[in-house]
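Novice: Below are the structure tokens for one structure; questions will follow.
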Amino acid sequence: MNYLYFLYMEFLAKHNIPQLFGDITFFCIPITIIFAALLVIVLALVLFERKLLGWFTQRKGPNRVGFWGVLQTLADAFKLLCKENITPSGANRFLFNLAPIMMFTPALVVLGIIPYSSEFTFISTETNLLLFVIFSALPVLSILIGGKSSDNKYALLGAVRNIAQILAYELPIAFSLMSIMVLASSMNLTGIMLAQSTKYGALGWFWIPCFIGFVVIFICTLAELNRCPFDLPEAESELICGYNTEYSGMRFALFYLGEYTLLLANALFISILFLGGYLSPFGKYISPILFSQNVGNIVLYFEQAFWLFLKAFFVIFIVIWIRATMPRMASFDLLKFSWCRLLPVSILNLFIVIIIKYFGGLYA
Amino acid sequence: MLKNILKLLISLLNVGKHLFKRPVTLEYPEKKNSKPENFRGVPVVNKCIKCGTCINVCPSGAIQIEENQFFINLKKCIFCGNCSYYCPVKAIKMSDKYETAVSDKNELILTYDIKVSEVKDV
């Protein structure tokens, strides 16, 4: 953040604006950037998913609105904005309105925790990792509120299912994260990332020593995001639309947007923990080689962000691939799978990682 | 459990193969599927001799012949192709047109003019 701060202050000083103004407004800028970038990326993400799902089933995907269907999600969002907001007569009005907001806010906070490049981290505390876990599990509360307050049996069933699911799948995540903390000896996301920087590039990242944890966290993230094959809370064929059955218009759009924002945030999170975050897969950044000293330093930040988003979109690609392949799990199997398979495996992974750490080597 | 993981990987691979195949769907109004050779679309009448065979042969009674006009009622027509098969001079042909949606119901009754001068030696 220092470099950005310096640039901003220099810009203000040029135009004779007092420094105090800069100090106050500087923290508004990240929020604005997050909002704009978030909306664009999430809209692109929805299109990305629909296109990929089309290709996986040998269809063309959206191709009508704009060139190559680029404006499809924009058109959908516009349609949702124009629709009427219906509140069921038996619903608790306050809680019903609160739920979509509570879904979207943590998703926004979570994106602020992630280090995008070495000078572009909005919230950097010593215990970033825990903050992320807390905030990414918070939307389940809004789902419960939404399901309970909308006075609909399908919505309530979906919400209850989601609670059971999150309770089962948070524990394996915790154990896998513990193994990451052991490997990196840090709870700061930047610290974890920098612990992976070796001269071996992609081979030095944590996905090799902690491969079981990588798989476990990937599966648990699918469950936490209610993605296929764990999309029980909104199982279309059983529960109509699950917890957001009664939501329409902009409230539904907030749920939808929040879901995809969390998908993006979790993909970024996984790529930071296991795939080296903004580190180059070749061990060295390319931009200092291509450009001269001054330009290279600035391009470097964009290169780092590029690597991070490339990895994140790779993770999202696999998530969509799994959605195109697998059918939904049964409710009981889902819980059994977590408690009887993932939890023991993740504890085993913790032991393996501790042994690796003890004997040192690359990660000492 | 290992067997299940292997099964999952194989199914993932099978789905992934579709990424490299051409999509089977077409952008319909702009691009259309090619039709087979003996496709039976809307019947077209040309140089009728008013013999009346088609009226007898039509299973749904969609054909009607008046003095100088030949009517085909598409509301009744089942596109069986009997009329074109039995026509002695091959005056009725099944075209390849299949998009028959119209805004007015009466437009579905197709009317063809028959030139009386061409009718000889029935």
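Going through the structure tokens in order, the chains are called A, B, and so on, while each chain numbers its residues from 1 and the ligands are numbered from 1 in the order shown.
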Kindly provide the residues of chain B that approach chain A to within 9 Å, each paired with its closest atom pair and their distance in Å to one decimal, based on only C-alpha atoms, listed by chain and increasing number, as a tab-separated table.
Specialist:
```
residue	atom	partner	partner_atom	distance
B:Leu8	CA	A:Met326	CA	8.2
B:Ser11	CA	A:Thr325	CA	6.8
B:Leu12	CA	A:Thr325	CA	6.0
B:Asn14	CA	A:Thr325	CA	8.7
B:Val15	CA	A:Phe56	CA	6.2
B:Gly16	CA	A:Phe56	CA	6.5
B:Lys17	CA	A:Phe56	CA	7.9
B:His18	CA	A:Phe56	CA	5.2
B:Leu19	CA	A:Trp55	CA	5.4
B:Phe20	CA	A:Trp55	CA	8.4
B:Lys21	CA	A:Gln58	CA	7.0
B:Arg22	CA	A:Gln58	CA	6.7
B:Pro23	CA	A:Gln58	CA	4.3
B:Val24	CA	A:Gln58	CA	5.9
B:Thr25	CA	A:Arg59	CA	5.6
B:Leu26	CA	A:Lys60	CA	8.0
B:Glu27	CA	A:Asn63	CA	8.5
```
Novice: Could those residues be written to a file, using C-alpha atoms, as an mmCIF file, in the first residue's frame?
Specialist:
```
data_model
loop_
_atom_site.group_PDB
_atom_site.id
_atom_site.type_symbol
_atom_site.label_atom_id
_atom_site.label_comp_id
_atom_site.auth_asym_id
_atom_site.auth_seq_id
_atom_site.Cartn_x
_atom_site.Cartn_y
_atom_site.Cartn_z
ATOM 1 C CA LEU B 8 -14.656 -39.529 -10.812
ATOM 2 C CA SER B 11 -15.965 -38.985 -15.811
ATOM 3 C CA LEU B 12 -14.284 -35.586 -15.473
ATOM 4 C CA ASN B 14 -15.057 -37.555 -20.502
ATOM 5 C CA VAL B 15 -16.872 -34.307 -19.835
ATOM 6 C CA GLY B 16 -13.715 -32.310 -20.488
ATOM 7 C CA LYS B 17 -13.407 -33.818 -23.957
ATOM 8 C CA HIS B 18 -16.504 -31.859 -25.011
ATOM 9 C CA LEU B 19 -14.559 -28.613 -24.703
ATOM 10 C CA PHE B 20 -12.662 -29.491 -27.871
ATOM 11 C CA LYS B 21 -15.674 -30.633 -29.882
ATOM 12 C CA ARG B 22 -17.831 -28.399 -32.068
ATOM 13 C CA PRO B 23 -21.174 -27.428 -30.521
ATOM 14 C CA VAL B 24 -24.120 -29.359 -31.932
ATOM 15 C CA THR B 25 -26.565 -26.469 -31.585
ATOM 16 C CA LEU B 26 -27.076 -23.813 -34.262
ATOM 17 C CA GLU B 27 -28.032 -20.137 -33.989
#
```
Novice: Please extract the residues of region 2-118 of chain B with a backbone DSSP assignment of alpha helix (DSSP H) and present them as a PDB file with N, CA and C atoms, in the first residue's frame.
Specialist:
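The resulting file, part.pdb, is reproduced below:
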```pdb
ATOM      1  N   LEU B   2     -10.596 -45.611  -3.449  1.00  0.00           N
ATOM      2  CA  LEU B   2      -9.707 -45.293  -4.571  1.00  0.00           C
ATOM      3  C   LEU B   2     -10.407 -45.534  -5.898  1.00  0.00           C
ATOM      4  N   LYS B   3     -11.244 -46.597  -5.918  1.00  0.00           N
ATOM      5  CA  LYS B   3     -11.989 -46.915  -7.136  1.00  0.00           C
ATOM      6  C   LYS B   3     -12.925 -45.767  -7.498  1.00  0.00           C
ATOM      7  N   ASN B   4     -13.582 -45.208  -6.469  1.00  0.00           N
ATOM      8  CA  ASN B   4     -14.514 -44.108  -6.716  1.00  0.00           C
ATOM      9  C   ASN B   4     -13.793 -42.876  -7.245  1.00  0.00           C
ATOM     10  N   ILE B   5     -12.603 -42.615  -6.674  1.00  0.00           N
ATOM     11  CA  ILE B   5     -11.834 -41.457  -7.137  1.00  0.00           C
ATOM     12  C   ILE B   5     -11.460 -41.635  -8.596  1.00  0.00           C
ATOM     13  N   LEU B   6     -11.051 -42.866  -8.948  1.00  0.00           N
ATOM     14  CA  LEU B   6     -10.687 -43.155 -10.341  1.00  0.00           C
ATOM     15  C   LEU B   6     -11.882 -42.937 -11.263  1.00  0.00           C
ATOM     16  N   LYS B   7     -13.063 -43.414 -10.795  1.00  0.00           N
ATOM     17  CA  LYS B   7     -14.286 -43.232 -11.588  1.00  0.00           C
ATOM     18  C   LYS B   7     -14.568 -41.752 -11.804  1.00  0.00           C
ATOM     19  N   LEU B   8     -14.405 -40.978 -10.734  1.00  0.00           N
ATOM     20  CA  LEU B   8     -14.656 -39.529 -10.812  1.00  0.00           C
ATOM     21  C   LEU B   8     -13.721 -38.888 -11.830  1.00  0.00           C
ATOM     22  N   LEU B   9     -12.433 -39.291 -11.786  1.00  0.00           N
ATOM     23  CA  LEU B   9     -11.471 -38.686 -12.707  1.00  0.00           C
ATOM     24  C   LEU B   9     -11.807 -39.020 -14.149  1.00  0.00           C
ATOM     25  N   ILE B  10     -12.238 -40.287 -14.367  1.00  0.00           N
ATOM     26  CA  ILE B  10     -12.580 -40.701 -15.733  1.00  0.00           C
ATOM     27  C   ILE B  10     -13.775 -39.909 -16.247  1.00  0.00           C
ATOM     28  N   SER B  11     -14.782 -39.731 -15.358  1.00  0.00           N
ATOM     29  CA  SER B  11     -15.965 -38.985 -15.811  1.00  0.00           C
ATOM     30  C   SER B  11     -15.629 -37.527 -16.060  1.00  0.00           C
ATOM     31  N   LEU B  12     -14.728 -36.963 -15.242  1.00  0.00           N
ATOM     32  CA  LEU B  12     -14.284 -35.586 -15.473  1.00  0.00           C
ATOM     33  C   LEU B  12     -13.621 -35.472 -16.838  1.00  0.00           C
ATOM     34  N   LEU B  13     -12.795 -36.458 -17.151  1.00  0.00           N
ATOM     35  CA  LEU B  13     -12.078 -36.448 -18.435  1.00  0.00           C
ATOM     36  C   LEU B  13     -13.060 -36.522 -19.593  1.00  0.00           C
ATOM     37  N   ASN B  14     -14.074 -37.393 -19.418  1.00  0.00           N
ATOM     38  CA  ASN B  14     -15.057 -37.555 -20.502  1.00  0.00           C
ATOM     39  C   ASN B  14     -15.824 -36.269 -20.753  1.00  0.00           C
ATOM     40  N   VAL B  15     -16.166 -35.581 -19.666  1.00  0.00           N
ATOM     41  CA  VAL B  15     -16.872 -34.307 -19.835  1.00  0.00           C
ATOM     42  C   VAL B  15     -15.937 -33.265 -20.448  1.00  0.00           C
ATOM     43  N   GLY B  16     -14.681 -33.289 -20.001  1.00  0.00           N
ATOM     44  CA  GLY B  16     -13.715 -32.310 -20.488  1.00  0.00           C
ATOM     45  C   GLY B  16     -13.454 -32.417 -21.974  1.00  0.00           C
ATOM     46  N   LYS B  17     -13.623 -33.627 -22.517  1.00  0.00           N
ATOM     47  CA  LYS B  17     -13.407 -33.818 -23.957  1.00  0.00           C
ATOM     48  C   LYS B  17     -14.327 -32.932 -24.789  1.00  0.00           C
ATOM     49  N   THR B  53     -57.976 -36.612 -57.739  1.00  0.00           N
ATOM     50  CA  THR B  53     -57.359 -37.749 -57.051  1.00  0.00           C
ATOM     51  C   THR B  53     -56.889 -37.368 -55.652  1.00  0.00           C
ATOM     52  N   CYS B  54     -56.319 -36.192 -55.573  1.00  0.00           N
ATOM     53  CA  CYS B  54     -55.755 -35.764 -54.274  1.00  0.00           C
ATOM     54  C   CYS B  54     -56.847 -35.632 -53.224  1.00  0.00           C
ATOM     55  N   ILE B  55     -58.051 -35.191 -53.653  1.00  0.00           N
ATOM     56  CA  ILE B  55     -59.149 -35.041 -52.700  1.00  0.00           C
ATOM     57  C   ILE B  55     -59.516 -36.392 -52.112  1.00  0.00           C
ATOM     58  N   ASN B  56     -59.558 -37.425 -52.984  1.00  0.00           N
ATOM     59  CA  ASN B  56     -59.909 -38.761 -52.514  1.00  0.00           C
ATOM     60  C   ASN B  56     -58.845 -39.357 -51.614  1.00  0.00           C
ATOM     61  N   VAL B  57     -57.624 -39.000 -51.912  1.00  0.00           N
ATOM     62  CA  VAL B  57     -56.501 -39.664 -51.252  1.00  0.00           C
ATOM     63  C   VAL B  57     -56.137 -39.005 -49.917  1.00  0.00           C
ATOM     64  N   ASN B  82     -49.308 -37.888 -49.456  1.00  0.00           N
ATOM     65  CA  ASN B  82     -50.110 -38.758 -50.313  1.00  0.00           C
ATOM     66  C   ASN B  82     -50.494 -38.071 -51.616  1.00  0.00           C
ATOM     67  N   CYS B  83     -50.896 -36.764 -51.530  1.00  0.00           N
ATOM     68  CA  CYS B  83     -51.372 -36.046 -52.705  1.00  0.00           C
ATOM     69  C   CYS B  83     -50.306 -35.971 -53.784  1.00  0.00           C
ATOM     70  N   SER B  84     -49.088 -35.680 -53.369  1.00  0.00           N
ATOM     71  CA  SER B  84     -48.025 -35.563 -54.363  1.00  0.00           C
ATOM     72  C   SER B  84     -47.650 -36.936 -54.911  1.00  0.00           C
ATOM     73  N   TYR B  85     -47.849 -37.995 -54.102  1.00  0.00           N
ATOM     74  CA  TYR B  85     -47.493 -39.348 -54.541  1.00  0.00           C
ATOM     75  C   TYR B  85     -48.465 -39.853 -55.607  1.00  0.00           C
ATOM     76  N   TYR B  86     -49.790 -39.544 -55.385  1.00  0.00           N
ATOM     77  CA  TYR B  86     -50.805 -40.104 -56.280  1.00  0.00           C
ATOM     78  C   TYR B  86     -51.127 -39.198 -57.446  1.00  0.00           C
TER      79      TYR B  86
END
```
